[in-house]
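Note sheet for the following structure.
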Amino acid sequence: MTDAPKASDSGLGTFERWLSLWVALAIGAGLLLGNLIPGLFGALASLEVAKVNLPVAVLIWAMVYPMMVGVDFSSLKHVGDKPKGLVITLIVNWLIKPFTMAALGVLFFEVIFAELIPPDDAQAYLAGVILLGAAPCTAMVFVWSHLTKGDPTYTLVQVSVNDVIMVFAFAPIVAVLLGVTDITVPWDTLLLSVGLYVVLPLIAGYITRRNLLSKGGEPAIDAFKSQVQPFSIFGLLATVVLLFGFQGEVILERPLVIALIAVPLLIQSYGIFFVAYFAARFWRVPFNVAAPCALIGTSNFFELAVAVAISLFGLNSGAALATVVGVLVEVPVMLSLVAFANRTRHWFPNA
């Protein structure tokens with residue numbers, strides 16, 4: 001294992017820094033194309049096998065696969081090196097975050113915004129934010145950690161541990177929360193989605209990583225990830241275009257819906273960060289562990305959430321729309337939290 005995940009050595013690249021802008025442009029393109037050529041989007045929507053839309057499945061794999069190549073399972077041997085930060089993040093990720101997200105969704109979509117959102121739409125948006133809350137981030141975490149000069153080994157351990165847990169915990173947590181909110185859970189589709197978008201990419205990433213290590217070591221992995229990263233960004237933006245193309249008419253009729261969905265997502269993101277951050281401060285966790293442990297708990301694996309929302313509820317569902325709004329708000333929120341963490345570095349002991 002190397003001392004640092006090279007993927008983050010350059011920090012947040014120019015393209016990634018403006019990701020929210022590119023997502024916004026992709027939304028605009030989707031709305032425009034969806035209204036200009038609805039027949040094309042209808043044909044793409046019909047390309048399904050076992051409730052899995054094939055064009056979107058390809059795009060999701062383009063997003064997820066490069067991330068999985070970066071997961072180094074050998075880092076699991078370091079799982080006990082800095083247990084405080086790991087304990088905080090795991091508690092936040094798996095015992096707090098999914099449930100607070102569901103609670104905020106119920107509060108806003110079924111109570112506060114009840115007069116603004118039809119009941120069926122409220123249930124769909126609620127399902128989307130639940131999927132976001134149950135999917136901790138695996139890729140951009142390296143960037144946020146790097147921007148706060150976080151411990152790279154710790155970050156790598158966190159990603160590996162979270163991916164292992166996600167294989168087993170994501171589906172049950174989502175099923176429980178959807179059931180509690182009276183949303184029908186199609187278990188076969190949910191399990192198929194986890195297998196298709198978590199387990200298989202993880203296996204493919206592991207095999208690819210092992211082959212690259214045998215041929216050229218870590219430099220070969222870095223070169224490969226640099227080559228495939230553009231496909232990941234393209235997959236994300238193309239998925240956004242498709243989603244908003246399918247929902248173009250609905251969104252243009254009710255543009256306020258984007259802002260309404262963003263409200264609980266923003267409250268959740270800032271709230272979860274401060275819970276983890278101040279827990280780390282209280283426990284006197286060093287800053288280079290405290291910052292990434294809070295940021296890891298805040299960020300979402302929105303690629304997985306988008307894919308599962310499409311599989312469970314359809315391309316033109318409110319659930320899929322809610323997960324895409326999560327993409328739109330995440331980057332500016334995370335950059336603001338990185339800035340806050342760096343300004344409050346003096347609150348924590350040094351490593």
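Residues in the structure tokens are numbered from 1 in each chain, the chains being A, B, ... in the order shown, and ligands are numbered from 1 in the order shown.
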#### Entry: Surrounding residues of A:Leu25 excluding itself and chain neighbours under 4 positions, 9 Å, only C-alpha atoms, as an NGL selection string
:A and (20-21 or 29-30 or 237 or 241)
#### Entry: Long-range neighbours of A:Phe231 as a count of residues only, 12 Å cut-off, only C-alpha atoms, 5 positions minimum in chain
17
### Task
Using DSSP on the backbone, list every residue of stretch 46-138 of chain A that comes out as helix (DSSP H, G or I), and give them as a PyMOL selection string.
chain A and resi 54-69+73-78+83-112+119-133
### Message
Excluding A:Pro349 and its own-chain neighbours fewer than 5 positions away, which residues fall within 7 Å of it when counting only C-alpha atoms? Please give them as a list in words.
### Response
Arg284, Val285, Pro286 and Phe287 of chain A
### Message
Please determine, counting only C-alpha atoms, which residue among A:Val198, A:Leu242, A:Leu265, A:Leu312 has the shortest atom-to-atom distance to A:Ala175.
### Response
A:Leu312
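Closest approach to A:Tyr270 among A:Asp222, A:Glu110, A:Asp121, A:Glu330 is made by A:Glu330 (distances from only C-alpha atoms).
Every protein or nucleic acid residue with an atom no more than 7 Å from stretch 170-174 of chain A, counting only C-alpha atoms and leaving out same-chain residues fewer than 5 positions away, appears here: Ile130, Leu131, Ala134, Ala135, Leu190, Leu191 and Val194 of chain A.
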Keeping only N, CA, C and O atoms, write those residues as a CSV table (one decimal), in the first residue's frame.
chain,number,residue,atom,x,y,z
A,130,ILE,N,-33.8,9.0,0.8
A,130,ILE,CA,-33.5,7.9,1.6
A,130,ILE,C,-32.3,7.1,0.9
A,130,ILE,O,-31.4,6.7,1.6
A,131,LEU,N,-32.4,6.9,-0.4
A,131,LEU,CA,-31.3,6.2,-1.1
A,131,LEU,C,-30.0,7.0,-1.0
A,131,LEU,O,-28.9,6.4,-0.9
A,134,ALA,N,-28.4,6.6,2.5
A,134,ALA,CA,-27.9,5.2,2.9
A,134,ALA,C,-26.7,4.9,2.1
A,134,ALA,O,-26.2,3.7,2.2
A,135,ALA,N,-26.2,5.8,1.3
A,135,ALA,CA,-25.1,5.5,0.4
A,135,ALA,C,-23.9,6.4,0.7
A,135,ALA,O,-23.8,7.5,0.1
A,190,LEU,N,-34.2,-4.4,-5.8
A,190,LEU,CA,-33.2,-3.8,-4.9
A,190,LEU,C,-32.0,-4.6,-4.8
A,190,LEU,O,-30.8,-4.1,-4.9
A,191,LEU,N,-32.1,-5.9,-4.6
A,191,LEU,CA,-30.9,-6.8,-4.5
A,191,LEU,C,-30.2,-6.9,-5.8
A,191,LEU,O,-29.0,-6.9,-5.9
A,194,VAL,N,-28.1,-3.7,-6.1
A,194,VAL,CA,-26.9,-3.8,-5.2
A,194,VAL,C,-25.8,-4.7,-5.9
A,194,VAL,O,-24.6,-4.3,-5.9
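Of the listed residues A:Tyr125, A:Tyr206, A:Trp22, A:Phe113, the one whose atoms come nearest to A:Val71 is A:Tyr206, with distances taken using only C-alpha atoms.
Atom CA of A:Gly314 is found 21.2 Å from atom CA of A:Phe234.
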#### Entry: Point-to-point distance from atom CA of A:Leu44 to atom CA of A:Pro136, Å rounded to tenths
29.3 Å
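Going from atom CA of A:Ala102 to atom CA of A:Ser336 covers 23.9 Å.
The shortest atom-to-atom distance to A:Phe274, with only C-alpha atoms taken into account, belongs to A:Thr298 out of A:Ile251, A:Thr298, A:Leu116, A:Leu321.
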Could you give me, as CSV, every stretch 22-129 of chain A residue with an atom at most 12 Å from stretch 163-168 of chain A, plus its closest atom pair and distance in Å to one decimal, counting only C-alpha atoms, rows ordered by chain then number?
residue,atom,partner,partner_atom,distance
A:Met67,CA,A:Asp163,CA,10.9
A:Met68,CA,A:Asp163,CA,9.0
A:Gly70,CA,A:Asp163,CA,11.5
A:Val71,CA,A:Asp163,CA,8.5
A:Asp72,CA,A:Asp163,CA,10.6
A:Phe73,CA,A:Val164,CA,9.2
A:Leu76,CA,A:Val164,CA,10.0
A:Leu90,CA,A:Ile165,CA,9.5
A:Asn93,CA,A:Met166,CA,10.1
A:Trp94,CA,A:Ile165,CA,9.0
Can I get the selected residues back with C-alpha atoms, as a PDB file, in the first residue's frame?
ATOM      1  CA  MET A  67     -13.810   4.384  -8.312  1.00  0.00           C
ATOM      2  CA  MET A  68     -13.716   0.707  -7.447  1.00  0.00           C
ATOM      3  CA  GLY A  70      -9.040   2.791  -6.455  1.00  0.00           C
ATOM      4  CA  VAL A  71     -10.205   0.678  -3.496  1.00  0.00           C
ATOM      5  CA  ASP A  72      -7.228  -1.035  -1.862  1.00  0.00           C
ATOM      6  CA  PHE A  73      -8.440  -3.860   0.363  1.00  0.00           C
ATOM      7  CA  LEU A  76      -8.030  -3.114   5.900  1.00  0.00           C
ATOM      8  CA  LEU A  90     -19.074   4.346  10.956  1.00  0.00           C
ATOM      9  CA  ASN A  93     -22.653   6.640   8.221  1.00  0.00           C
ATOM     10  CA  TRP A  94     -24.642   3.607   9.303  1.00  0.00           C
TER      11      TRP A  94
END
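Of the listed residues A:Cys137, A:Leu252, A:Ala320, A:Ala169, the one whose atoms come nearest to A:Asn35 is A:Leu252, with distances taken using only C-alpha atoms.
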#### Entry: Expected answer as a list in words: strand (DSSP E) residues in stretch 32-253 of chain A
Glu48, Val49, Val52 and Asn53 of chain A
May I have the selected residues written with C-alpha atoms, as a PDB file, in the first residue's frame?
ATOM      1  CA  GLU A  48     -35.019  -2.400 -20.249  1.00  0.00           C
ATOM      2  CA  VAL A  49     -34.130  -5.893 -19.041  1.00  0.00           C
ATOM      3  CA  VAL A  52     -32.773  -2.307 -15.511  1.00  0.00           C
ATOM      4  CA  ASN A  53     -32.498   0.399 -18.150  1.00  0.00           C
TER       5      ASN A  53
END
### Message
Give me the residues near A:Phe246 as an NGL selection string, where near means some atom within 12 Å (using only C-alpha atoms) and where sequence neighbours in that chain fewer than 6 positions away do not count.
### Response
:A and (27 or 29-46 or 239-240 or 252 or 310 or 314-318 or 320-321)
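Among the candidates A:Leu335, A:Val69, A:Ile96, A:Leu86, the residue lying nearest to A:Leu212 is A:Val69 (atoms considered: only C-alpha atoms).
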